[in-house]
$ cat input.cif   # mmCIF, C-alpha atoms
data_run
#
loop_
_atom_site.group_PDB
_atom_site.id
_atom_site.type_symbol
_atom_site.label_atom_id
_atom_site.label_comp_id
_atom_site.auth_asym_id
_atom_site.auth_seq_id
_atom_site.Cartn_x
_atom_site.Cartn_y
_atom_site.Cartn_z
ATOM 1 C CA MET E 26 -19.762 11.159 -11.033
ATOM 2 C CA THR E 27 -18.503 14.084 -13.107
ATOM 3 C CA ARG E 28 -15.174 14.340 -14.884
ATOM 4 C CA GLU E 29 -14.006 16.733 -12.150
ATOM 5 C CA ASP E 30 -14.910 14.148 -9.494
ATOM 6 C CA LEU E 31 -12.884 11.520 -11.330
ATOM 7 C CA ILE E 32 -9.875 13.829 -11.673
ATOM 8 C CA ARG E 33 -10.083 14.682 -7.959
ATOM 9 C CA LEU E 34 -10.145 10.973 -7.003
ATOM 10 C CA ILE E 35 -7.178 10.222 -9.275
ATOM 11 C CA GLU E 36 -5.267 13.174 -7.813
ATOM 12 C CA LYS E 37 -5.898 11.813 -4.324
ATOM 13 C CA VAL E 38 -4.378 8.436 -5.289
ATOM 14 C CA GLU E 39 -1.419 10.182 -6.914
ATOM 15 C CA SER E 40 -0.742 12.527 -4.016
ATOM 16 C CA VAL E 41 -1.068 10.185 -1.028
ATOM 17 C CA ASP E 42 2.214 9.030 0.577
ATOM 18 C CA SER E 43 2.771 5.560 -0.907
ATOM 19 C CA ASN E 44 3.951 4.275 2.518
ATOM 20 C CA ASP E 45 0.830 5.460 4.344
ATOM 21 C CA ASP E 46 -1.032 2.226 3.670
ATOM 22 C CA THR E 47 -4.215 3.245 5.515
ATOM 23 C CA SER E 48 -4.606 6.392 3.428
ATOM 24 C CA VAL E 49 -3.558 4.599 0.229
ATOM 25 C CA GLN E 50 -6.274 1.985 0.771
ATOM 26 C CA LEU E 51 -8.926 4.641 1.407
ATOM 27 C CA ALA E 52 -7.925 6.539 -1.744
ATOM 28 C CA TRP E 53 -8.003 3.297 -3.780
ATOM 29 C CA ASP E 54 -11.450 2.388 -2.412
ATOM 30 C CA GLU E 55 -12.829 5.827 -3.259
ATOM 31 C CA LEU E 56 -11.426 5.788 -6.800
ATOM 32 C CA ALA E 57 -12.654 2.245 -7.458
ATOM 33 C CA ARG E 58 -16.173 3.153 -6.266
ATOM 34 C CA GLY E 59 -16.111 6.285 -8.435
ATOM 35 C CA ILE E 60 -15.145 4.315 -11.546
ATOM 36 C CA VAL E 61 -17.775 1.632 -10.909
ATOM 37 C CA ASP E 62 -20.430 4.339 -10.477
ATOM 38 C CA GLY E 63 -19.267 6.385 -13.444
ATOM 39 C CA TYR E 64 -18.318 3.983 -16.222
ATOM 40 C CA GLU E 65 -19.060 6.422 -19.055
ATOM 41 C CA VAL E 66 -17.170 9.335 -17.502
ATOM 42 C CA ALA E 67 -14.194 7.027 -16.769
ATOM 43 C CA ARG E 68 -14.270 5.603 -20.308
ATOM 44 C CA ASP E 69 -14.345 9.022 -21.984
ATOM 45 C CA TYR E 70 -11.535 10.384 -19.802
ATOM 46 C CA LEU E 71 -9.235 7.347 -19.869
ATOM 47 C CA LEU E 72 -9.501 6.891 -23.619
ATOM 48 C CA THR E 73 -9.085 10.515 -24.639
ATOM 49 C CA GLN E 74 -7.512 12.868 -22.103
ATOM 50 C CA ALA E 75 -5.927 11.025 -19.192
ATOM 51 C CA SER E 76 -2.136 11.326 -18.922
ATOM 52 C CA PHE E 77 0.107 8.279 -18.543
ATOM 53 C CA ALA E 78 0.444 8.941 -14.788
ATOM 54 C CA GLU E 79 -3.337 9.162 -14.433
ATOM 55 C CA ILE E 80 -3.831 5.849 -16.245
ATOM 56 C CA GLU E 81 -1.174 4.362 -13.929
ATOM 57 C CA ALA E 82 -3.068 5.625 -10.875
ATOM 58 C CA VAL E 83 -6.207 3.919 -12.182
ATOM 59 C CA GLY E 84 -4.074 0.786 -12.761
ATOM 60 C CA GLU E 85 -3.781 0.380 -8.990
ATOM 61 C CA VAL E 86 -7.530 -0.127 -8.676
ATOM 62 C CA PHE E 87 -8.200 -2.375 -11.707
ATOM 63 C CA THR E 88 -8.686 -5.376 -9.473
ATOM 64 C CA ASP E 89 -10.978 -3.514 -7.039
ATOM 65 C CA VAL E 90 -13.153 -2.168 -9.850
ATOM 66 C CA LEU E 91 -13.527 -5.642 -11.362
ATOM 67 C CA ALA E 92 -14.322 -7.080 -7.931
ATOM 68 C CA GLN E 93 -16.961 -4.407 -7.251
ATOM 69 C CA ALA E 94 -18.675 -4.613 -10.658
ATOM 70 C CA THR E 95 -21.891 -6.554 -10.132
ATOM 71 C CA SER E 96 -22.634 -8.520 -13.318
ATOM 72 C CA ALA E 97 -20.392 -10.646 -15.522
ATOM 73 C CA GLU E 98 -21.301 -8.366 -18.417
ATOM 74 C CA THR E 99 -20.217 -5.240 -16.518
ATOM 75 C CA LYS E 100 -16.963 -6.908 -15.481
ATOM 76 C CA GLN E 101 -16.159 -7.711 -19.133
ATOM 77 C CA GLN E 102 -17.060 -4.146 -20.087
ATOM 78 C CA PHE E 103 -14.472 -2.884 -17.594
ATOM 79 C CA VAL E 104 -11.877 -5.391 -18.820
ATOM 80 C CA GLN E 105 -12.354 -4.000 -22.334
ATOM 81 C CA LEU E 106 -12.129 -0.404 -21.105
ATOM 82 C CA PHE E 107 -8.957 -1.015 -19.086
ATOM 83 C CA SER E 108 -7.353 -2.961 -21.944
ATOM 84 C CA GLN E 109 -7.971 -0.008 -24.242
ATOM 85 C CA ALA E 110 -6.632 2.403 -21.616
ATOM 86 C CA VAL E 111 -3.443 0.331 -21.304
ATOM 87 C CA GLU E 112 -3.085 0.329 -25.102
ATOM 88 C CA ARG E 113 -3.378 4.103 -25.056
ATOM 89 C CA ALA E 114 -0.854 4.308 -22.215
ATOM 90 C CA GLU E 115 1.594 2.307 -24.342
ATOM 91 C CA HIS E 116 1.454 5.041 -26.961
ATOM 92 C CA LEU E 117 1.974 7.710 -24.280
ATOM 93 C CA ASP E 118 5.025 6.057 -22.670
ATOM 94 C CA PRO E 119 6.208 2.765 -24.215
ATOM 95 C CA ASN E 120 9.094 2.440 -21.733
ATOM 96 C CA GLU E 121 7.025 2.511 -18.567
ATOM 97 C CA VAL E 122 4.016 0.427 -19.496
ATOM 98 C CA GLN E 123 5.037 -3.040 -18.261
ATOM 99 C CA TRP E 124 3.719 -2.663 -14.685
ATOM 100 C CA LEU E 125 0.413 -1.454 -16.072
ATOM 101 C CA LYS E 126 0.133 -4.489 -18.376
ATOM 102 C CA ASP E 127 1.021 -6.831 -15.518
ATOM 103 C CA SER E 128 -1.465 -5.098 -13.251
ATOM 104 C CA LEU E 129 -4.230 -5.598 -15.801
ATOM 105 C CA SER E 130 -3.444 -9.258 -16.371
ATOM 106 C CA PHE E 131 -3.233 -9.907 -12.596
ATOM 107 C CA SER E 132 -6.549 -8.141 -12.064
ATOM 108 C CA ILE E 133 -8.214 -10.214 -14.777
ATOM 109 C CA LYS E 134 -6.770 -13.411 -13.309
ATOM 110 C CA GLU E 135 -7.660 -12.456 -9.737
ATOM 111 C CA ASN E 136 -11.244 -11.876 -10.762
ATOM 112 C CA GLY E 137 -11.488 -15.103 -12.747
ATOM 113 C CA LEU E 138 -12.186 -13.271 -16.032
ATOM 114 C CA SER E 139 -10.895 -13.590 -19.565
ATOM 115 C CA SER E 140 -8.853 -10.933 -21.323
ATOM 116 C CA SER E 141 -11.023 -10.849 -24.475
ATOM 117 C CA MET I 50 -3.961 -12.924 18.568
ATOM 118 C CA GLY I 51 -3.848 -13.201 14.824
ATOM 119 C CA SER I 52 -2.352 -15.161 12.013
ATOM 120 C CA GLY I 53 -0.586 -13.795 8.966
ATOM 121 C CA PRO I 54 0.093 -15.556 5.657
ATOM 122 C CA SER I 55 3.034 -17.405 7.200
ATOM 123 C CA GLY I 56 0.752 -19.023 9.755
ATOM 124 C CA THR I 57 2.788 -17.457 12.550
ATOM 125 C CA TYR I 58 0.814 -16.245 15.533
ATOM 126 C CA TYR I 59 1.656 -12.866 16.980
ATOM 127 C CA ALA I 60 0.692 -11.764 20.438
ATOM 128 C CA ALA I 61 0.840 -8.030 21.001
ATOM 129 C CA LYS I 62 -0.016 -8.728 24.665
ATOM 130 C CA GLY I 63 -2.605 -5.976 24.704
ATOM 131 C CA SER I 64 0.073 -3.537 23.607
ATOM 132 C CA TYR I 65 -0.743 0.169 23.887
ATOM 133 C CA ALA I 66 1.477 0.790 20.864
ATOM 134 C CA ILE I 67 0.522 -1.671 18.115
ATOM 135 C CA ASP I 68 -2.007 -4.488 17.744
ATOM 136 C CA HIS I 69 -1.552 -7.815 15.993
ATOM 137 C CA SER I 70 -2.958 -6.603 12.671
ATOM 138 C CA GLY I 71 -0.420 -3.758 12.702
ATOM 139 C CA LEU I 72 2.358 -6.248 13.407
ATOM 140 C CA ILE I 73 1.265 -8.650 10.681
ATOM 141 C CA HIS I 74 0.877 -5.752 8.268
ATOM 142 C CA SER I 75 4.309 -4.328 9.096
ATOM 143 C CA ILE I 76 6.235 -7.614 9.267
ATOM 144 C CA GLU I 77 4.593 -10.002 6.799
ATOM 145 C CA GLY I 78 2.498 -7.617 4.701
ATOM 146 C CA ASN I 79 -0.939 -7.819 3.147
ATOM 147 C CA PHE I 80 -1.382 -9.827 -0.024
ATOM 148 C CA VAL I 81 -3.848 -10.420 -2.805
ATOM 149 C CA LEU I 82 -4.710 -14.124 -2.510
ATOM 150 C CA GLY I 83 -5.259 -16.525 -5.379
ATOM 151 C CA ALA I 84 -8.174 -18.944 -5.673
ATOM 152 C CA ASP I 85 -6.135 -21.480 -3.673
ATOM 153 C CA GLY I 86 -5.706 -18.956 -0.838
ATOM 154 C CA ARG I 87 -2.004 -18.454 -1.480
ATOM 155 C CA PRO I 88 -0.460 -14.970 -1.817
ATOM 156 C CA THR I 89 -0.111 -13.937 -5.469
ATOM 157 C CA ARG I 90 0.669 -10.261 -5.210
ATOM 158 C CA MET I 91 1.751 -7.808 -2.513
ATOM 159 C CA LYS I 92 -0.734 -5.138 -1.564
ATOM 160 C CA SER I 93 0.818 -3.272 1.368
ATOM 161 C CA GLY I 94 3.218 -3.408 4.335
ATOM 162 C CA GLY I 95 5.672 -6.320 4.523
ATOM 163 C CA HIS I 96 8.938 -5.002 5.929
ATOM 164 C CA GLY I 97 10.189 -8.006 7.888
ATOM 165 C CA GLN I 98 12.383 -10.964 6.971
ATOM 166 C CA MET I 99 9.193 -13.036 7.069
ATOM 167 C CA ASN I 100 7.878 -11.010 4.128
ATOM 168 C CA LEU I 101 10.849 -12.041 1.987
ATOM 169 C CA GLN I 102 10.304 -15.657 3.028
ATOM 170 C CA ILE I 103 6.626 -15.483 1.986
ATOM 171 C CA LEU I 104 7.603 -13.943 -1.356
ATOM 172 C CA GLU I 105 10.129 -16.721 -1.991
ATOM 173 C CA GLU I 106 7.767 -19.502 -0.935
ATOM 174 C CA ASN I 107 5.135 -18.233 -3.326
ATOM 175 C CA GLY I 108 7.396 -17.475 -6.276
ATOM 176 C CA ILE I 109 6.823 -13.716 -6.073
ATOM 177 C CA ARG I 110 9.841 -11.890 -7.460
ATOM 178 C CA TYR I 111 11.627 -9.165 -5.470
ATOM 179 C CA GLU I 112 14.864 -7.273 -5.858
ATOM 180 C CA ILE I 113 17.232 -5.925 -3.201
ATOM 181 C CA VAL I 114 18.866 -2.848 -4.694
ATOM 182 C CA LEU I 115 20.683 -1.354 -1.719
ATOM 183 C CA GLU I 116 21.806 -2.382 1.757
ATOM 184 C CA TYR I 117 22.933 -0.218 4.673
ATOM 185 C CA ALA I 118 25.564 -1.225 7.239
ATOM 186 C CA ASN I 119 22.831 -1.401 9.909
ATOM 187 C CA GLY I 120 21.106 -4.148 7.894
ATOM 188 C CA VAL I 121 18.233 -2.143 6.373
ATOM 189 C CA ARG I 122 17.571 -3.187 2.791
ATOM 190 C CA LEU I 123 15.805 -1.281 0.020
ATOM 191 C CA GLY I 124 14.421 -2.642 -3.218
ATOM 192 C CA ASN I 125 11.221 -3.451 -5.036
ATOM 193 C CA VAL I 126 8.567 -6.062 -5.727
ATOM 194 C CA PRO I 127 7.806 -5.803 -9.464
ATOM 195 C CA ASN I 128 4.212 -7.084 -9.315
ATOM 196 C CA HIS I 129 3.313 -4.975 -6.242
ATOM 197 C CA LYS I 130 -0.186 -3.485 -6.429
ATOM 198 C CA ASN I 131 1.227 -0.128 -5.334
ATOM 199 C CA ARG I 132 3.193 1.071 -8.373
ATOM 200 C CA ALA I 133 5.614 3.140 -6.234
ATOM 201 C CA LYS I 134 6.853 -0.103 -4.672
ATOM 202 C CA SER I 135 7.195 -1.969 -7.955
ATOM 203 C CA LYS I 136 10.452 -0.366 -9.069
ATOM 204 C CA GLY I 137 13.708 1.136 -7.829
ATOM 205 C CA ILE I 138 13.892 1.496 -4.050
ATOM 206 C CA GLY I 139 10.174 1.708 -3.314
ATOM 207 C CA GLN I 140 10.142 -0.974 -0.609
ATOM 208 C CA ALA I 141 12.161 -1.120 2.628
ATOM 209 C CA TRP I 142 12.966 -4.133 4.840
ATOM 210 C CA PHE I 143 14.153 -4.243 8.464
ATOM 211 C CA PRO I 144 17.519 -5.861 9.250
ATOM 212 C CA ARG I 145 17.435 -9.691 9.022
ATOM 213 C CA SER I 146 17.896 -9.973 12.789
ATOM 214 C CA TRP I 147 14.755 -7.985 13.640
ATOM 215 C CA THR I 148 12.082 -10.233 15.148
ATOM 216 C CA THR I 149 8.438 -9.607 16.004
ATOM 217 C CA GLU I 150 9.604 -8.661 19.492
ATOM 218 C CA THR I 151 12.019 -6.051 18.078
ATOM 219 C CA VAL I 152 9.240 -4.430 16.053
ATOM 220 C CA LEU I 153 6.945 -4.524 19.078
ATOM 221 C CA ASP I 154 9.675 -2.913 21.234
ATOM 222 C CA ALA I 155 10.312 -0.248 18.582
ATOM 223 C CA SER I 156 6.583 0.570 18.541
ATOM 224 C CA ARG I 157 6.583 0.856 22.333
ATOM 225 C CA ALA I 158 9.660 3.113 22.179
ATOM 226 C CA LEU I 159 7.839 5.374 19.708
ATOM 227 C CA HIS I 160 4.795 5.586 21.984
ATOM 228 C CA ASP I 161 6.869 6.288 25.085
ATOM 229 C CA HIS I 162 8.848 9.022 23.354
ATOM 230 C CA PHE I 163 5.886 10.741 21.673
ATOM 231 C CA SER I 164 3.144 10.008 24.226
ATOM 232 C CA HIS I 165 2.088 13.673 24.622
ATOM 233 C CA SER I 166 2.018 14.250 20.875
ATOM 234 C CA ILE I 167 -0.042 11.080 20.337
ATOM 235 C CA ASP I 168 -2.545 12.132 23.028
ATOM 236 C CA ASP I 169 -2.858 15.565 21.379
ATOM 237 C CA MET I 170 -3.288 13.950 17.971
ATOM 238 C CA LYS I 171 -6.157 11.749 19.235
ATOM 239 C CA ARG I 172 -7.820 14.758 20.860
ATOM 240 C CA ASP I 173 -7.510 16.780 17.633
ATOM 241 C CA ALA I 174 -9.050 13.959 15.603
ATOM 242 C CA LYS I 175 -12.037 13.749 17.960
ATOM 243 C CA SER I 176 -12.493 17.532 17.830
ATOM 244 C CA GLU I 177 -12.326 17.478 14.035
ATOM 245 C CA MET I 178 -15.003 14.781 13.874
ATOM 246 C CA LYS I 179 -17.207 16.789 16.233
ATOM 247 C CA ARG I 180 -16.680 20.002 14.274
ATOM 248 C CA LEU I 181 -17.494 18.306 10.964
ATOM 249 C CA HIS I 182 -20.438 16.381 12.486
ATOM 250 C CA ILE I 183 -19.099 13.055 11.242
ATOM 251 C CA SER I 184 -19.126 9.686 12.960
ATOM 252 C CA ASP I 185 -17.087 7.841 10.327
ATOM 253 C CA SER I 186 -13.352 8.408 10.937
ATOM 254 C CA SER I 187 -12.550 7.478 7.324
ATOM 255 C CA ARG I 188 -13.956 10.911 6.415
ATOM 256 C CA LEU I 189 -11.247 12.719 8.378
ATOM 257 C CA SER I 190 -8.898 14.830 6.256
ATOM 258 C CA GLN I 191 -5.941 12.738 7.520
ATOM 259 C CA GLN I 192 -6.244 9.199 8.857
ATOM 260 C CA THR I 193 -2.745 8.932 10.235
ATOM 261 C CA LYS I 194 0.204 10.974 11.440
ATOM 262 C CA LEU I 195 3.801 10.253 10.441
ATOM 263 C CA TYR I 196 6.419 9.884 13.187
ATOM 264 C CA LYS I 197 10.157 9.599 12.594
ATOM 265 C CA PHE I 198 12.518 8.171 15.179
ATOM 266 C CA ARG I 199 15.572 6.006 15.691
ATOM 267 C CA TYR I 200 15.710 2.629 17.426
ATOM 268 C CA LYS I 201 18.630 0.176 17.718
ATOM 269 C CA ASN I 202 20.685 2.132 15.193
ATOM 270 C CA VAL I 203 17.864 2.069 12.608
ATOM 271 C CA ASP I 204 16.001 5.176 11.397
ATOM 272 C CA LEU I 205 12.309 4.331 11.420
ATOM 273 C CA GLN I 206 9.050 5.848 10.286
ATOM 274 C CA ALA I 207 5.604 4.969 11.536
ATOM 275 C CA PHE I 208 2.108 6.000 10.560
ATOM 276 C CA VAL I 209 0.053 6.243 13.745
ATOM 277 C CA ASN I 210 -3.740 6.072 13.549
ATOM 278 C CA ARG I 211 -5.282 9.400 14.607
ATOM 279 C CA ILE I 212 -8.266 7.729 16.280
ATOM 280 C CA THR I 213 -6.786 4.678 18.000
ATOM 281 C CA GLY I 214 -3.293 6.048 18.590
ATOM 282 C CA LEU I 215 -1.940 2.641 17.527
ATOM 283 C CA VAL I 216 0.783 2.144 14.937
ATOM 284 C CA ASP I 217 -0.858 1.279 11.595
ATOM 285 C CA SER I 218 2.461 0.705 9.860
ATOM 286 C CA ILE I 219 6.109 0.830 10.941
ATOM 287 C CA PHE I 220 9.020 0.514 8.536
ATOM 288 C CA PRO I 221 12.670 1.532 8.010
ATOM 289 C CA ALA I 222 13.208 5.033 6.644
ATOM 290 C CA PHE I 223 14.535 5.108 3.096
ATOM 291 C CA GLU I 224 17.380 7.392 4.126
ATOM 292 C CA GLN I 225 19.449 5.897 6.941
ATOM 293 C CA THR I 226 22.269 7.618 8.821
ATOM 294 C CA SER I 227 24.160 4.324 8.462
ATOM 295 C CA SER I 228 26.538 3.938 5.499
ATOM 296 C CA ILE I 229 25.672 2.022 2.332
ATOM 297 C CA ILE I 230 27.503 -1.302 2.038
ATOM 298 C CA PHE I 231 25.858 -2.564 -1.154
ATOM 299 C CA SER I 232 24.264 -0.797 -4.082
ATOM 300 C CA LYS I 233 23.256 -2.612 -7.257
ATOM 301 C CA GLY I 234 25.126 -1.391 -10.287
ATOM 302 C CA GLU I 235 28.052 -0.013 -8.289
#

$ encode --input "input.cif" --output "structure tokens"
Amino acid sequence: MTREDLIRLIEKVESVDSNDDTSVQLAWDELARGIVDGYEVARDYLLTQASFAEIEAVGEVFTDVLAQATSAETKQQFVQLFSQAVERAEHLDPNEVQWLKDSLSFSIKENGLSSS
Amino acid sequence: MGSGPSGTYYAAKGSYAIDHSGLIHSIEGNFVLGADGRPTRMKSGGHGQMNLQILEENGIRYEIVLEYANGVRLGNVPNHKNRAKSKGIGQAWFPRSWTTETVLDASRALHDHFSHSIDDMKRDAKSEMKRLHISDSSRLSQQTKLYKFRYKNVDLQAFVNRITGLVDSIFPAFEQTSSIIFSKGE
């Protein structure tokens, strides 16, 4: 996955009608698969260039990414990446970050992982 | 036949308009389940009174922000997986009195009113798949088509599946022609 691919997948999640649940689910699945396949691209983008809205879009698929990651080690690697992305998001928009934090902690809990 | 989180069984009676998964999705909603199998977080759908009951039974917080005279309520579910529904008026609920049968009847009314358009839509989807040489409908540019209509004094919207022609999701429109009788903060 290239950076352009990742941006395109994020844009799809951001642009889909939030009430069109079938299309939302497809866009989430695609983005989650892209992130699982392209850890390094996702890491570089989320921790340096992604906007707050883009990090929020990724927040919707935290739980799917963690569920799709194959090994315990990879899952923890993603937990660390998403935690850092949420920290960065807090600097970008401290007023709007609560849902993102909750989403991360739910995703960690849902996948039976630890936050460290 | 199917069973949603409430354990209620819905029979769509071989409906040409919506199947049981569409009913469960629209009325009760789809949830992320915890290790004990109980709903922990809303994922999609959930526009019926039964949805609010499931949220309450499982300690999932929700907020009603606005209510119309026709009984439609708007609000949010803060821990919703879909961020648009986690704040403000991102989520809509049918009037309290709407039962499974009402939602089924509304879906039938939609199909009866737009039957030609739905037939055309299905034909277009098949042509598009043929033209693109694809067999997987998830690769279509659009999976669903939005229909807007009014039933029993409620403005509704429904996303109809382009392949099956069945209602994937039906819910109250956010803007109702009915007047507002309650708005939080006013």

$ resolve_selection --input "input.cif" --expression "the PyMOL selection byres ((chain I) within 10 of (chain E))" --output "short mmCIF file (atom, residue, chain, number, x, y, z; two decimals) with C-alpha atoms, in the frame of the given file"
data_model
loop_
_atom_site.label_atom_id
_atom_site.label_comp_id
_atom_site.auth_asym_id
_atom_site.auth_seq_id
_atom_site.Cartn_x
_atom_site.Cartn_y
_atom_site.Cartn_z
CA HIS I 74 0.88 -5.75 8.27
CA VAL I 81 -3.85 -10.42 -2.80
CA LEU I 82 -4.71 -14.12 -2.51
CA GLY I 83 -5.26 -16.52 -5.38
CA ALA I 84 -8.17 -18.94 -5.67
CA THR I 89 -0.11 -13.94 -5.47
CA ARG I 90 0.67 -10.26 -5.21
CA LYS I 92 -0.73 -5.14 -1.56
CA SER I 93 0.82 -3.27 1.37
CA GLY I 94 3.22 -3.41 4.34
CA PRO I 127 7.81 -5.80 -9.46
CA ASN I 128 4.21 -7.08 -9.32
CA HIS I 129 3.31 -4.97 -6.24
CA LYS I 130 -0.19 -3.48 -6.43
CA ASN I 131 1.23 -0.13 -5.33
CA ARG I 132 3.19 1.07 -8.37
CA ALA I 133 5.61 3.14 -6.23
CA LYS I 134 6.85 -0.10 -4.67
CA SER I 135 7.20 -1.97 -7.96
CA LYS I 136 10.45 -0.37 -9.07
CA GLY I 139 10.17 1.71 -3.31
CA GLN I 140 10.14 -0.97 -0.61
CA ALA I 141 12.16 -1.12 2.63
CA SER I 187 -12.55 7.48 7.32
CA ARG I 188 -13.96 10.91 6.42
CA SER I 190 -8.90 14.83 6.26
CA GLN I 191 -5.94 12.74 7.52
CA GLN I 192 -6.24 9.20 8.86
CA THR I 193 -2.74 8.93 10.24
CA LYS I 194 0.20 10.97 11.44
CA LEU I 195 3.80 10.25 10.44
CA GLN I 206 9.05 5.85 10.29
CA ALA I 207 5.60 4.97 11.54
CA PHE I 208 2.11 6.00 10.56
CA VAL I 209 0.05 6.24 13.74
CA ASN I 210 -3.74 6.07 13.55
CA ASP I 217 -0.86 1.28 11.60
CA SER I 218 2.46 0.70 9.86
CA ILE I 219 6.11 0.83 10.94
CA PHE I 220 9.02 0.51 8.54
#

$ residues_around --input "input.cif" --residues "Arg145 in chain I" --least-positions-apart "3" --cutoff "10 Å" --atoms "all atoms listed in the file" --output "list of chain:residue names"
I:Gly97, I:Gln98, I:Met99, I:Leu101, I:Asn119, I:Gly120, I:Val121, I:Arg122, I:Trp142, I:Thr148

$ closest_residue --input "input.cif" --among "I:Lys233, I:Arg87, I:Arg157, I:Lys175" --to "Gly137 in chain I" --atoms "all atoms listed in the file"
I:Lys233

$ residues_around --input "input.cif" --residues "range 95-109 of chain E" --least-positions-apart "2" --cutoff "12 Å" --atoms "only C-alpha atoms" --output "VMD selection string"
chain E and resid 57 to 58 60 to 73 80 to 81 83 to 93 111 to 116 125 to 134 136 to 141

$ residues_around --input "input.cif" --residues "range 62-72 of chain I" --least-positions-apart "5" --cutoff "10 Å" --atoms "all atoms listed in the file" --output "PyMOL selection string"
chain I and resi 50-53+77-79+94-95+97+149-150+152-161+164+209-210+213-219

$ atom_distance --input "input.cif" --atom1 "CA of Glu29 in chain E" --atom2 "CA of Glu79 in chain E"
13.3 Å

$ atom_distance --input "input.cif" --atom1 "CA of Phe231 in chain I" --atom2 "CA of Val114 in chain I"
7.8 Å

$ resolve_selection --input "input.cif" --expression "the PyMOL selection byres ((chain I and resi 205) around 6)" --output "number ranges by chain"
I: 197-199, 204, 206, 220-222

$ resolve_selection --input "input.cif" --expression "the PyMOL selection byres ((chain I and resi 108) around 12)" --output "ChimeraX atom specification"
/I:87-91,101-107,109-111,126,128

$ write_last_selection --input "input.cif" --atoms "C-alpha atoms" --output "JSON list (two decimals), in the coordinates of the input"
[["chain", "number", "residue", "atom", "x", "y", "z"],
["I", 87, "ARG", "CA", -2.00, -18.45, -1.48],
["I", 88, "PRO", "CA", -0.46, -14.97, -1.82],
["I", 89, "THR", "CA", -0.11, -13.94, -5.47],
["I", 90, "ARG", "CA", 0.67, -10.26, -5.21],
["I", 91, "MET", "CA", 1.75, -7.81, -2.51],
["I", 101, "LEU", "CA", 10.85, -12.04, 1.99],
["I", 102, "GLN", "CA", 10.30, -15.66, 3.03],
["I", 103, "ILE", "CA", 6.63, -15.48, 1.99],
["I", 104, "LEU", "CA", 7.60, -13.94, -1.36],
["I", 105, "GLU", "CA", 10.13, -16.72, -1.99],
["I", 106, "GLU", "CA", 7.77, -19.50, -0.94],
["I", 107, "ASN", "CA", 5.14, -18.23, -3.33],
["I", 109, "ILE", "CA", 6.82, -13.72, -6.07],
["I", 110, "ARG", "CA", 9.84, -11.89, -7.46],
["I", 111, "TYR", "CA", 11.63, -9.16, -5.47],
["I", 126, "VAL", "CA", 8.57, -6.06, -5.73],
["I", 128, "ASN", "CA", 4.21, -7.08, -9.32]]

$ atom_distance --input "input.cif" --atom1 "CA of Asn125 in chain I" --atom2 "CA of Glu112 in chain I"
5.3 Å
